[in-house]
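*Asks:* The structure file entry.cif (mmCIF, C-alpha atoms (C1' of nucleotides)) is provided below.
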data_coords
loop_
_atom_site.label_atom_id
_atom_site.label_comp_id
_atom_site.auth_asym_id
_atom_site.auth_seq_id
_atom_site.Cartn_x
_atom_site.Cartn_y
_atom_site.Cartn_z
CA MET Z 281 -145.08 65.93 -15.65
CA ALA Z 282 -144.94 67.02 -12.06
CA ALA Z 283 -141.21 67.51 -11.89
CA LEU Z 284 -139.49 70.06 -9.79
CA TYR Z 285 -137.59 72.78 -11.52
CA LEU Z 286 -135.00 75.19 -10.28
CA GLN Z 287 -134.27 78.50 -11.88
CA SER Z 288 -130.58 79.03 -12.38
CA ASN Z 289 -129.90 82.33 -14.10
CA SER Z 290 -131.14 82.03 -17.62
CA CYS Z 291 -131.58 78.31 -17.90
CA THR Z 292 -134.11 75.95 -16.38
CA MET Z 293 -132.57 72.91 -14.81
CA GLU Z 294 -134.39 69.81 -13.75
CA ILE Z 295 -133.18 68.68 -10.41
CA ARG Z 296 -135.23 65.67 -9.54
CA ARG Z 297 -136.66 62.65 -11.25
CA ASP Z 298 -139.43 60.44 -10.10
CA VAL Z 299 -138.52 56.93 -9.02
CA PHE Z 300 -141.63 55.47 -10.61
CA GLN Z 301 -140.91 57.15 -13.87
CA ALA Z 302 -137.36 55.85 -13.65
CA ILE Z 303 -138.34 52.21 -13.24
CA ALA Z 304 -141.00 52.49 -15.92
CA ASP Z 305 -138.46 51.76 -18.62
CA PRO Z 306 -137.54 48.08 -19.10
CA THR Z 307 -133.96 48.93 -20.02
CA ARG Z 308 -133.53 50.83 -16.79
CA ARG Z 309 -134.98 47.94 -14.79
CA ALA Z 310 -132.48 45.68 -16.53
CA ILE Z 311 -129.69 48.04 -15.55
CA LEU Z 312 -130.85 47.90 -11.94
CA ALA Z 313 -130.84 44.11 -12.09
CA LEU Z 314 -127.32 44.15 -13.47
CA VAL Z 315 -125.94 46.53 -10.90
CA ALA Z 316 -127.68 44.79 -8.04
CA PHE Z 317 -124.96 42.19 -7.83
CA GLN Z 318 -121.94 44.37 -8.25
CA SER Z 319 -121.05 47.93 -9.08
CA MET Z 320 -120.27 48.37 -12.75
CA THR Z 321 -118.93 50.99 -15.10
CA PRO Z 322 -121.16 52.51 -17.78
CA GLY Z 323 -119.08 50.81 -20.44
CA ALA Z 324 -119.49 47.39 -18.88
CA ILE Z 325 -123.20 47.96 -18.44
CA ALA Z 326 -123.60 49.10 -22.02
CA ASP Z 327 -121.92 45.91 -23.23
CA SER Z 328 -124.96 44.00 -22.02
CA PHE Z 329 -127.30 45.89 -24.30
CA ASP Z 330 -127.75 46.44 -27.98
CA SER Z 331 -128.24 50.16 -27.60
CA SER Z 332 -125.38 52.55 -28.01
CA ARG Z 333 -123.15 53.39 -25.09
CA GLN Z 334 -124.47 56.94 -24.98
CA THR Z 335 -128.04 55.74 -24.85
CA ILE Z 336 -127.26 53.51 -21.89
CA SER Z 337 -125.36 56.38 -20.35
CA LYS Z 338 -128.51 58.45 -20.59
CA HIS Z 339 -130.47 55.76 -18.77
CA ILE Z 340 -127.81 55.65 -16.10
CA ARG Z 341 -128.01 59.40 -15.75
CA ILE Z 342 -131.75 59.19 -15.17
CA LEU Z 343 -131.33 56.45 -12.58
CA HIS Z 344 -128.62 58.49 -10.93
CA GLU Z 345 -130.66 61.68 -10.97
CA CYS Z 346 -133.49 60.05 -9.08
CA ASP Z 347 -130.94 58.58 -6.69
CA LEU Z 348 -131.56 54.96 -7.56
CA LEU Z 349 -127.89 54.64 -8.50
CA SER Z 350 -124.92 55.99 -6.61
CA GLN Z 351 -121.56 56.46 -8.21
CA GLN Z 352 -118.02 55.97 -7.10
CA GLN Z 353 -115.20 57.35 -9.19
CA SER Z 354 -111.95 55.54 -9.64
CA GLY Z 355 -109.61 57.27 -12.01
CA ARG Z 356 -111.43 57.80 -15.23
CA GLU Z 357 -113.83 55.00 -14.47
CA ILE Z 358 -117.08 55.46 -12.63
CA TYR Z 359 -118.66 52.57 -10.81
CA TYR Z 360 -122.40 52.64 -10.38
CA GLN Z 361 -124.29 50.69 -7.79
CA ILE Z 362 -127.83 50.43 -6.52
CA ASN Z 363 -128.95 52.77 -3.79
CA GLY Z 364 -130.91 50.49 -1.49
CA PRO Z 365 -132.84 53.03 0.59
CA LYS Z 366 -134.17 54.63 -2.55
CA MET Z 367 -135.51 51.29 -3.69
CA LYS Z 368 -137.35 51.15 -0.43
CA GLU Z 369 -139.45 54.10 -1.54
CA VAL Z 370 -141.19 51.87 -4.02
CA ALA Z 371 -141.75 49.24 -1.35
CA THR Z 372 -143.15 51.86 0.98
CA TRP Z 373 -145.59 53.03 -1.65
CA LEU Z 374 -146.60 49.47 -2.32
CA GLU Z 375 -147.07 48.48 1.30
CA PRO Z 376 -150.63 49.78 1.83
CA TYR Z 377 -151.77 47.67 -1.10
CA ARG Z 378 -150.28 44.49 0.24
CA ARG Z 379 -153.52 43.35 1.81
CA LEU Z 380 -155.04 43.37 -1.66
CA TRP Z 381 -153.18 40.28 -2.71
CA GLU Z 382 -152.43 38.73 0.64
CA ASP Z 383 -155.60 36.92 1.45
CA ARG Z 384 -158.88 38.28 2.63
CA LEU Z 385 -160.80 41.35 3.54
CA ASP Z 386 -160.72 43.39 0.43
CA ALA Z 387 -163.77 43.47 -1.79
CA MET Z 388 -162.47 40.86 -4.20
CA GLY Z 389 -161.15 38.64 -1.48
CA ASP Z 390 -164.53 38.89 0.15
CA LEU Z 391 -166.20 37.65 -2.98
CA LEU Z 392 -163.81 34.77 -3.36
CA ALA Z 393 -164.21 33.80 0.26
CA GLU Z 394 -167.93 33.78 -0.18
CA MET Z 395 -167.68 31.51 -3.13
CA LYS Z 396 -165.34 29.08 -1.46
CA ASP Z 397 -166.83 29.10 2.00
CA ALA Z 398 -170.60 29.01 2.21
CA LYS Z 399 -170.55 29.37 5.97
CA THR Z 400 -168.98 32.78 5.94
CA ARG Z 401 -171.31 35.36 7.41
CA SER Z 402 -170.10 38.09 5.16
CA LYS Z 403 -171.34 41.61 5.32
CA ARG Z 404 -169.89 42.57 1.99
CA LYS Z 405 -169.82 46.18 1.10
CA ILE Z 406 -169.11 46.14 -2.56
CA GLN Z 407 -169.79 49.38 -4.37
CA MET O 44 -141.16 51.27 -25.88
CA ALA O 45 -141.24 47.52 -25.75
CA ALA O 46 -144.99 47.23 -26.02
CA LEU O 47 -146.76 44.48 -27.81
CA TYR O 48 -148.72 45.35 -30.88
CA LEU O 49 -151.30 43.42 -32.80
CA GLN O 50 -152.15 44.03 -36.41
CA SER O 51 -155.87 44.26 -36.95
CA ASN O 52 -156.65 44.91 -40.59
CA SER O 53 -155.57 48.42 -41.37
CA CYS O 54 -155.04 49.74 -37.91
CA THR O 55 -152.44 48.98 -35.30
CA MET O 56 -153.89 48.30 -31.90
CA GLU O 57 -151.98 48.14 -28.68
CA ILE O 58 -153.15 45.22 -26.64
CA ARG O 59 -151.07 45.27 -23.53
CA ARG O 60 -149.64 47.86 -21.22
CA ASP O 61 -146.82 47.57 -18.79
CA VAL O 62 -147.64 47.77 -15.10
CA PHE O 63 -144.55 49.85 -14.40
CA GLN O 64 -145.38 52.29 -17.11
CA ALA O 65 -148.91 52.48 -15.72
CA ILE O 66 -147.86 53.42 -12.20
CA ALA O 67 -145.29 55.88 -13.49
CA ASP O 68 -147.90 58.61 -13.73
CA PRO O 69 -148.77 60.35 -10.44
CA THR O 70 -152.40 60.83 -11.46
CA ARG O 71 -152.77 57.12 -12.06
CA ARG O 72 -151.20 56.32 -8.70
CA ALA O 73 -153.72 58.69 -7.13
CA ILE O 74 -156.52 56.86 -8.89
CA LEU O 75 -155.23 53.58 -7.51
CA ALA O 76 -155.17 55.08 -4.04
CA LEU O 77 -158.75 56.25 -4.45
CA VAL O 78 -160.07 52.97 -5.71
CA ALA O 79 -158.19 50.96 -3.12
CA PHE O 80 -160.86 51.65 -0.52
CA GLN O 81 -163.94 51.11 -2.62
CA SER O 82 -164.92 50.62 -6.21
CA MET O 83 -165.82 53.86 -7.92
CA THR O 84 -167.29 55.09 -11.16
CA PRO O 85 -165.19 57.11 -13.60
CA GLY O 86 -167.33 60.16 -12.91
CA ALA O 87 -166.81 59.93 -9.17
CA ILE O 88 -163.09 59.41 -9.67
CA ALA O 89 -162.85 62.35 -12.02
CA ASP O 90 -164.49 64.59 -9.44
CA SER O 91 -161.39 64.21 -7.31
CA PHE O 92 -159.16 65.73 -9.96
CA ASP O 93 -158.83 68.98 -11.82
CA SER O 94 -158.38 67.30 -15.17
CA SER O 95 -161.29 66.74 -17.47
CA ARG O 96 -163.47 63.69 -17.13
CA GLN O 97 -162.21 62.31 -20.44
CA THR O 98 -158.61 62.70 -19.38
CA ILE O 99 -159.25 60.74 -16.22
CA SER O 100 -161.15 58.21 -18.29
CA LYS O 101 -158.04 57.78 -20.39
CA HIS O 102 -155.97 57.09 -17.28
CA ILE O 103 -158.55 54.59 -16.13
CA ARG O 104 -158.39 52.91 -19.50
CA ILE O 105 -154.63 52.55 -19.21
CA LEU O 106 -154.92 51.10 -15.71
CA HIS O 107 -157.61 48.74 -16.94
CA GLU O 108 -155.63 47.69 -20.00
CA CYS O 109 -152.71 46.61 -17.87
CA ASP O 110 -155.15 44.83 -15.59
CA LEU O 111 -154.51 46.96 -12.54
CA LEU O 112 -158.19 47.84 -12.47
CA SER O 113 -161.12 45.52 -12.95
CA GLN O 114 -164.55 46.76 -13.89
CA GLN O 115 -168.04 45.78 -12.94
CA GLN O 116 -170.94 47.20 -14.88
CA SER O 117 -174.19 48.16 -13.24
CA GLY O 118 -176.64 49.71 -15.63
CA ARG O 119 -174.93 52.58 -17.34
CA GLU O 120 -172.45 52.94 -14.54
CA ILE O 121 -169.15 51.13 -14.39
CA TYR O 122 -167.47 50.49 -11.09
CA TYR O 123 -163.72 50.17 -11.11
CA GLN O 124 -161.72 48.51 -8.42
CA ILE O 125 -158.14 47.53 -7.84
CA ASN O 126 -156.96 44.18 -9.06
CA GLY O 127 -154.90 42.90 -6.15
CA PRO O 128 -152.96 40.09 -7.83
CA LYS O 129 -151.74 42.47 -10.49
CA MET O 130 -150.38 44.78 -7.84
CA LYS O 131 -148.45 41.83 -6.56
CA GLU O 132 -146.44 41.84 -9.77
CA VAL O 133 -144.74 44.99 -8.63
CA ALA O 134 -144.05 43.46 -5.24
CA THR O 135 -142.63 40.38 -6.90
CA TRP O 136 -140.30 42.46 -9.01
CA LEU O 137 -139.22 44.39 -5.96
CA GLU O 138 -138.64 41.39 -3.74
CA PRO O 139 -135.09 40.51 -4.88
CA TYR O 140 -134.00 44.00 -3.98
CA ARG O 141 -135.46 43.89 -0.49
CA ARG O 142 -132.17 42.87 1.04
CA LEU O 143 -130.72 46.12 -0.21
CA TRP O 144 -132.54 48.17 2.39
CA GLU O 145 -133.36 45.60 5.04
CA ASP O 146 -131.02 43.51 7.15
CA ARG O 147 -128.05 44.92 8.96
CA LEU O 148 -126.59 47.49 6.68
CA ASP O 149 -123.09 48.48 7.55
CA ALA O 150 -121.92 49.80 4.22
CA MET O 151 -123.05 49.51 0.68
CA GLY O 152 -120.14 47.30 -0.17
CA ASP O 153 -121.20 44.95 2.55
CA LEU O 154 -124.61 44.70 1.00
CA LEU O 155 -123.13 43.86 -2.33
CA ALA O 156 -120.95 41.24 -0.75
CA GLU O 157 -124.03 39.85 0.87
CA MET O 158 -125.74 39.43 -2.44
CA LYS O 159 -122.73 37.66 -3.83
CA ASP O 160 -122.77 35.54 -0.72
CA ALA O 161 -126.28 34.45 -1.46
CA LYS O 162 -125.11 33.10 -4.76
CA THR O 163 -121.85 31.47 -3.87
CA ARG O 164 -122.66 30.28 -0.35
CA SER O 165 -119.17 31.27 0.60
CA LYS O 166 -117.66 33.60 3.12
CA ARG O 167 -118.64 37.25 3.37
CA LYS O 168 -116.19 39.82 2.18
CA ILE O 169 -116.11 43.57 1.96
CA GLN O 170 -116.69 45.14 -1.44
"C1'" DA G 203 -190.99 60.09 -26.75
"C1'" DT G 204 -187.79 63.12 -25.29
"C1'" DA G 205 -184.35 64.88 -22.35
"C1'" DT G 206 -180.50 63.98 -19.36
"C1'" DA G 207 -176.64 61.50 -17.41
"C1'" DA G 208 -172.62 58.31 -17.57
"C1'" DT G 209 -169.09 56.64 -20.53
"C1'" DG G 210 -165.87 55.65 -24.07
"C1'" DC G 211 -163.61 56.90 -28.35
"C1'" DA G 212 -161.41 59.77 -31.96
"C1'" DG G 213 -158.74 63.53 -33.14
"C1'" DC G 214 -155.84 67.51 -32.16
"C1'" DC G 215 -151.72 69.50 -29.97
"C1'" DA G 216 -147.60 70.62 -27.05
"C1'" DT G 217 -144.28 68.25 -24.47
"C1'" DT G 218 -141.57 64.32 -23.19
"C1'" DT G 219 -139.14 60.24 -24.22
"C1'" DG G 220 -135.70 57.26 -25.96
"C1'" DG G 221 -132.86 56.30 -29.66
"C1'" DC G 222 -128.67 57.91 -32.50
"C1'" DT G 223 -124.39 60.64 -33.75
"C1'" DG G 224 -120.76 63.92 -33.04
"C1'" DC G 225 -117.88 66.03 -29.89
"C1'" DG G 226 -114.96 67.49 -25.92
"C1'" DC G 227 -112.36 66.23 -21.95
"C1'" DA G 228 -109.84 63.86 -18.51
"C1'" DA G 229 -107.10 59.88 -17.53
"C1'" DC G 230 -104.39 55.98 -18.61
"C1'" DT G 231 -100.74 53.63 -22.10
"C1'" DT G 232 -96.93 53.67 -25.26
"C1'" DA J 252 -95.51 63.65 -26.33
"C1'" DA J 253 -98.90 61.33 -28.71
"C1'" DG J 254 -102.43 58.07 -29.01
"C1'" DT J 255 -106.20 55.40 -26.80
"C1'" DT J 256 -109.92 54.71 -23.66
"C1'" DG J 257 -113.94 55.90 -20.66
"C1'" DC J 258 -117.39 58.97 -20.10
"C1'" DG J 259 -120.81 62.74 -20.30
"C1'" DC J 260 -123.13 66.35 -22.92
"C1'" DA J 261 -125.54 68.62 -26.82
"C1'" DG J 262 -128.35 68.28 -30.64
"C1'" DC J 263 -131.36 65.86 -33.81
"C1'" DC J 264 -135.51 63.04 -34.72
"C1'" DA J 265 -139.51 59.81 -34.62
"C1'" DA J 266 -142.63 58.05 -31.47
"C1'" DA J 267 -145.12 58.13 -27.23
"C1'" DT J 268 -147.51 60.73 -23.63
"C1'" DG J 269 -150.99 63.41 -21.44
"C1'" DG J 270 -154.00 67.11 -21.81
"C1'" DC J 271 -158.28 69.04 -24.19
"C1'" DT J 272 -162.73 69.10 -27.04
"C1'" DG J 273 -166.32 67.07 -29.69
"C1'" DC J 274 -169.11 63.27 -30.68
"C1'" DA J 275 -171.73 58.65 -30.39
"C1'" DT J 276 -173.94 55.40 -27.46
"C1'" DT J 277 -176.56 53.44 -23.99
"C1'" DA J 278 -179.26 53.78 -19.62
"C1'" DT J 279 -182.33 56.51 -16.62
"C1'" DA J 280 -185.50 59.97 -15.73
"C1'" DT J 281 -189.44 63.06 -17.06
#
Using structure tokens, write down the structure that the file contains.
*Replies:*
Amino acid sequence: MAALYLQSNSCTMEIRRDVFQAIADPTRRAILALVAFQSMTPGAIADSFDSSRQTISKHIRILHECDLLSQQQSGREIYYQINGPKMKEVATWLEPYRRLWEDRLDAMGDLLAEMKDAKTRSKRKIQ
Amino acid sequence: MAALYLQSNSCTMEIRRDVFQAIADPTRRAILALVAFQSMTPGAIADSFDSSRQTISKHIRILHECDLLSQQQSGREIYYQINGPKMKEVATWLEPYRRLWEDRLDAMGDLLAEMKDAKTRSKRKIQ
DNA sequence: ATATAATGCAGCCATTTGGCTGCGCAACTT
DNA sequence: AAGTTGCGCAGCCAAATGGCTGCATTATAT
């Protein structure tokens, strides 16, 4: 939707993918899980799935375009591996929400605390 | 893609959404950011965007279907707020990858070796 | 009681997505 | 030199996505 485009002569070329859109697909998350342990070739990765090699290759391309995978050529083989810092982007986005599931002080946590602990002098500000 | 469907008489109704697919859309992430501070009504949320109220309502529905938002009715108004524990699902998925950007990172190969190390409990080796 | 406000739902539409196949090309094997 | 293997790209297609508009419904307000 909100992708960046770059005009190159007569054609329009997409240059950047969104990390969140990339990890939205379960197959791509599975690929990330596979490659997390060791770098793998597209062929080897595709062997783990029922989809065609080209389909998996497309997923790899998307992961590579958004920089979640880095490649390393060796002859005619290309080894793909996870790009750690890019994964951190998701963690960074998630960080501000951490307090929402780690214990107290959000609206819901406030409610729960009130239910569990009758002594709490809560000045809840729901709504 | 891999969504669950439930047959209900003549129509096919989707019953469950994926959290990752839900946060893939930038508008929905913005909604989450809005609602993180306080519960809000769909109308108030929609005021923050250029899209139509119904379009935002659709996004809210998706977030609610995957349980990222919880609702609380008050008269004809409905207050939506973030569901913390559901957000944790993303954090849980991300956790195994944390070592990829944390720790002492010398080279990518070292990181991979480290992950292997965690499995085999043996000596650390490069790539 | 009547009007207005707050929502959700259904339907329409253009674009994107994710699958497949066919193909071309470079790099190993024989 | 000729064949095989690994890989990416282009093109096709059905399904999903995200936007819009037009209702229907249920509370409030007048």
*Asks:* Please list as a VMD selection string every residue within 12 Å of DA278 (chain J), counting all atoms listed in the file and excluding residues in the same chain fewer than 4 positions away.
*Replies:* (chain O and resid 116 to 121) or (chain G and resid 206 to 209)
*Asks:* Within 10 Å of chain Z, which residues of chain J are there when counting all atoms listed in the file? Please give them as a VMD selection string.
*Replies:* chain J and resid 256 to 260 268 to 269
*Asks:* Take the selection from the previous step and output its residues with C-alpha atoms (C1' of nucleotides), as a short mmCIF file (atom, residue, chain, number, x, y, z; two decimals), keeping the file's coordinate frame.
*Replies:*
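Dumped everything to again13.cif:
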data_model
loop_
_atom_site.label_atom_id
_atom_site.label_comp_id
_atom_site.auth_asym_id
_atom_site.auth_seq_id
_atom_site.Cartn_x
_atom_site.Cartn_y
_atom_site.Cartn_z
"C1'" DT J 256 -109.92 54.71 -23.66
"C1'" DG J 257 -113.94 55.90 -20.66
"C1'" DC J 258 -117.39 58.97 -20.10
"C1'" DG J 259 -120.81 62.74 -20.30
"C1'" DC J 260 -123.13 66.35 -22.92
"C1'" DT J 268 -147.51 60.73 -23.63
"C1'" DG J 269 -150.99 63.41 -21.44
#
*Asks:* Residues around (-139.1, 65.1, -26.7), cut-off 10 Å, counting all atoms listed in the file - what are they as an MDAnalysis selection string?
*Replies:* (chainID G and resid 217:220) or (chainID J and resid 264:268)
*Asks:* Kindly provide, as a VMD selection string, the residues of chain G having any atom no farther than 9 Å from an atom of chain Z, counting all atoms listed in the file.
*Replies:* chain G and resid 218 220 to 222 228 to 230
*Asks:* Check which residues satisfy the PyMOL selection byres ((chain Z) within 7 of (chain O)) in the file shown, then give them as a PyMOL selection string.
*Replies:* chain Z and resi 300-301+303-304+317-318+364-365+368+380-381+407
*Asks:* Suppose you want the space between CA of Ile105 (chain O) and CA of Arg308 (chain Z); what is it in Å?
*Replies:*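 Separating CA of Ile105 (chain O) from CA of Arg308 (chain Z) is a distance of 21.3 Å.
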*Asks:* With the PyMOL selection byres ((chain G and resi 214) around 9) as the selection, what would be picked from this file? Answer as a PyMOL selection string, please.
*Replies:* (chain G and resi 213+215) or (chain J and resi 271-272)
*Asks:* Could you work out how far CA of Ala73 (chain O) lies from CA of Arg297 (chain Z), giving the answer in Å with one decimal?
*Replies:*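 For CA of Arg297 (chain Z) relative to CA of Ala73 (chain O), the distance reads 18.0 Å.
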*Asks:* Given the PyMOL selection byres ((chain J and resi 274) around 10) and the file above, list the residues it selects as a ChimeraX atom specification.
*Replies:* /G:211-212 /J:272-273,275-276
*Asks:* Write out as a PDB file with C-alpha atoms (C1' of nucleotides), in the coordinates of the input the residues lying within 10 Å of DG224 (chain G), counting only C-alpha atoms (C1' of nucleotides) and excluding same-chain residues fewer than 2 positions away.
*Replies:*
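Saved the output as around19.pdb:
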ATOM      1  C1'  DC G 222    -128.670  57.910 -32.500  1.00  0.00           C
ATOM      2  C1'  DG G 226    -114.960  67.490 -25.920  1.00  0.00           C
TER       3       DG G 226
ATOM      4  C1'  DA J 261    -125.540  68.620 -26.820  1.00  0.00           C
ATOM      5  C1'  DG J 262    -128.350  68.280 -30.640  1.00  0.00           C
TER       6       DG J 262
END
*Asks:* Please compute the CA of Asp330 (chain Z)-CA of Leu343 (chain Z) distance, one decimal, in Å.
*Replies:*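 Distance reported for this atom pair: 18.7 Å.
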*Asks:* Write region 124-145 of chain O as a PDB file, in the frame of the given file, completed to N, CA, C and O atoms.
*Replies:*
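To be explicit, this is the file written out as out-v5.pdb:
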ATOM      1  N   GLN O 124    -162.378  48.832  -9.673  1.00  0.00           N
ATOM      2  CA  GLN O 124    -161.720  48.510  -8.420  1.00  0.00           C
ATOM      3  C   GLN O 124    -160.335  47.945  -8.703  1.00  0.00           C
ATOM      4  O   GLN O 124    -160.045  47.471  -9.783  1.00  0.00           O
ATOM      5  N   ILE O 125    -159.515  47.995  -7.699  1.00  0.00           N
ATOM      6  CA  ILE O 125    -158.140  47.530  -7.840  1.00  0.00           C
ATOM      7  C   ILE O 125    -158.085  46.019  -8.017  1.00  0.00           C
ATOM      8  O   ILE O 125    -158.861  45.293  -7.401  1.00  0.00           O
ATOM      9  N   ASN O 126    -157.192  45.604  -8.884  1.00  0.00           N
ATOM     10  CA  ASN O 126    -156.960  44.180  -9.060  1.00  0.00           C
ATOM     11  C   ASN O 126    -155.725  43.774  -8.252  1.00  0.00           C
ATOM     12  O   ASN O 126    -154.594  43.974  -8.690  1.00  0.00           O
ATOM     13  N   GLY O 127    -155.971  43.211  -7.085  1.00  0.00           N
ATOM     14  CA  GLY O 127    -154.900  42.900  -6.150  1.00  0.00           C
ATOM     15  C   GLY O 127    -153.753  42.096  -6.727  1.00  0.00           C
ATOM     16  O   GLY O 127    -152.597  42.519  -6.653  1.00  0.00           O
ATOM     17  N   PRO O 128    -154.038  40.938  -7.318  1.00  0.00           N
ATOM     18  CA  PRO O 128    -152.960  40.090  -7.830  1.00  0.00           C
ATOM     19  C   PRO O 128    -152.038  40.814  -8.799  1.00  0.00           C
ATOM     20  O   PRO O 128    -150.842  40.520  -8.860  1.00  0.00           O
ATOM     21  N   LYS O 129    -152.593  41.749  -9.554  1.00  0.00           N
ATOM     22  CA  LYS O 129    -151.740  42.470 -10.490  1.00  0.00           C
ATOM     23  C   LYS O 129    -150.779  43.399  -9.753  1.00  0.00           C
ATOM     24  O   LYS O 129    -149.639  43.597 -10.177  1.00  0.00           O
ATOM     25  N   MET O 130    -151.264  43.932  -8.653  1.00  0.00           N
ATOM     26  CA  MET O 130    -150.380  44.780  -7.840  1.00  0.00           C
ATOM     27  C   MET O 130    -149.211  43.959  -7.307  1.00  0.00           C
ATOM     28  O   MET O 130    -148.108  44.465  -7.101  1.00  0.00           O
ATOM     29  N   LYS O 131    -149.497  42.692  -7.100  1.00  0.00           N
ATOM     30  CA  LYS O 131    -148.450  41.830  -6.560  1.00  0.00           C
ATOM     31  C   LYS O 131    -147.257  41.719  -7.521  1.00  0.00           C
ATOM     32  O   LYS O 131    -146.131  41.467  -7.101  1.00  0.00           O
ATOM     33  N   GLU O 132    -147.536  41.922  -8.792  1.00  0.00           N
ATOM     34  CA  GLU O 132    -146.440  41.840  -9.770  1.00  0.00           C
ATOM     35  C   GLU O 132    -145.327  42.829  -9.441  1.00  0.00           C
ATOM     36  O   GLU O 132    -144.147  42.518  -9.594  1.00  0.00           O
ATOM     37  N   VAL O 133    -145.744  44.001  -9.000  1.00  0.00           N
ATOM     38  CA  VAL O 133    -144.740  44.990  -8.630  1.00  0.00           C
ATOM     39  C   VAL O 133    -143.960  44.509  -7.415  1.00  0.00           C
ATOM     40  O   VAL O 133    -142.734  44.607  -7.368  1.00  0.00           O
ATOM     41  N   ALA O 134    -144.701  43.963  -6.459  1.00  0.00           N
ATOM     42  CA  ALA O 134    -144.050  43.460  -5.240  1.00  0.00           C
ATOM     43  C   ALA O 134    -143.087  42.335  -5.576  1.00  0.00           C
ATOM     44  O   ALA O 134    -142.001  42.243  -4.998  1.00  0.00           O
ATOM     45  N   THR O 135    -143.483  41.503  -6.504  1.00  0.00           N
ATOM     46  CA  THR O 135    -142.630  40.380  -6.900  1.00  0.00           C
ATOM     47  C   THR O 135    -141.347  40.876  -7.546  1.00  0.00           C
ATOM     48  O   THR O 135    -140.262  40.355  -7.280  1.00  0.00           O
ATOM     49  N   TRP O 136    -141.493  41.895  -8.382  1.00  0.00           N
ATOM     50  CA  TRP O 136    -140.300  42.460  -9.010  1.00  0.00           C
ATOM     51  C   TRP O 136    -139.373  43.057  -7.953  1.00  0.00           C
ATOM     52  O   TRP O 136    -138.150  42.948  -8.020  1.00  0.00           O
ATOM     53  N   LEU O 137    -139.986  43.669  -6.970  1.00  0.00           N
ATOM     54  CA  LEU O 137    -139.220  44.390  -5.960  1.00  0.00           C
ATOM     55  C   LEU O 137    -138.536  43.457  -4.966  1.00  0.00           C
ATOM     56  O   LEU O 137    -137.513  43.816  -4.374  1.00  0.00           O
ATOM     57  N   GLU O 138    -139.089  42.297  -4.804  1.00  0.00           N
ATOM     58  CA  GLU O 138    -138.640  41.390  -3.740  1.00  0.00           C
ATOM     59  C   GLU O 138    -137.136  41.109  -3.735  1.00  0.00           C
ATOM     60  O   GLU O 138    -136.503  41.198  -2.681  1.00  0.00           O
ATOM     61  N   PRO O 139    -136.529  40.796  -4.884  1.00  0.00           N
ATOM     62  CA  PRO O 139    -135.090  40.510  -4.880  1.00  0.00           C
ATOM     63  C   PRO O 139    -134.239  41.662  -4.377  1.00  0.00           C
ATOM     64  O   PRO O 139    -133.105  41.457  -3.969  1.00  0.00           O
ATOM     65  N   TYR O 140    -134.781  42.846  -4.407  1.00  0.00           N
ATOM     66  CA  TYR O 140    -134.000  44.000  -3.980  1.00  0.00           C
ATOM     67  C   TYR O 140    -134.193  44.306  -2.503  1.00  0.00           C
ATOM     68  O   TYR O 140    -133.535  45.180  -1.962  1.00  0.00           O
ATOM     69  N   ARG O 141    -135.097  43.579  -1.882  1.00  0.00           N
ATOM     70  CA  ARG O 141    -135.460  43.890  -0.490  1.00  0.00           C
ATOM     71  C   ARG O 141    -134.250  43.898   0.421  1.00  0.00           C
ATOM     72  O   ARG O 141    -134.108  44.734   1.314  1.00  0.00           O
ATOM     73  N   ARG O 142    -133.343  42.981   0.178  1.00  0.00           N
ATOM     74  CA  ARG O 142    -132.170  42.870   1.040  1.00  0.00           C
ATOM     75  C   ARG O 142    -131.293  44.110   0.963  1.00  0.00           C
ATOM     76  O   ARG O 142    -130.416  44.316   1.800  1.00  0.00           O
ATOM     77  N   LEU O 143    -131.550  44.918  -0.031  1.00  0.00           N
ATOM     78  CA  LEU O 143    -130.720  46.120  -0.210  1.00  0.00           C
ATOM     79  C   LEU O 143    -131.031  47.197   0.819  1.00  0.00           C
ATOM     80  O   LEU O 143    -130.225  48.076   1.062  1.00  0.00           O
ATOM     81  N   TRP O 144    -132.245  47.147   1.374  1.00  0.00           N
ATOM     82  CA  TRP O 144    -132.540  48.170   2.390  1.00  0.00           C
ATOM     83  C   TRP O 144    -132.879  47.555   3.737  1.00  0.00           C
ATOM     84  O   TRP O 144    -132.936  48.240   4.730  1.00  0.00           O
ATOM     85  N   GLU O 145    -133.091  46.249   3.763  1.00  0.00           N
ATOM     86  CA  GLU O 145    -133.360  45.600   5.040  1.00  0.00           C
ATOM     87  C   GLU O 145    -132.056  45.123   5.658  1.00  0.00           C
ATOM     88  O   GLU O 145    -131.000  45.608   5.352  1.00  0.00           O
TER      89      GLU O 145
END
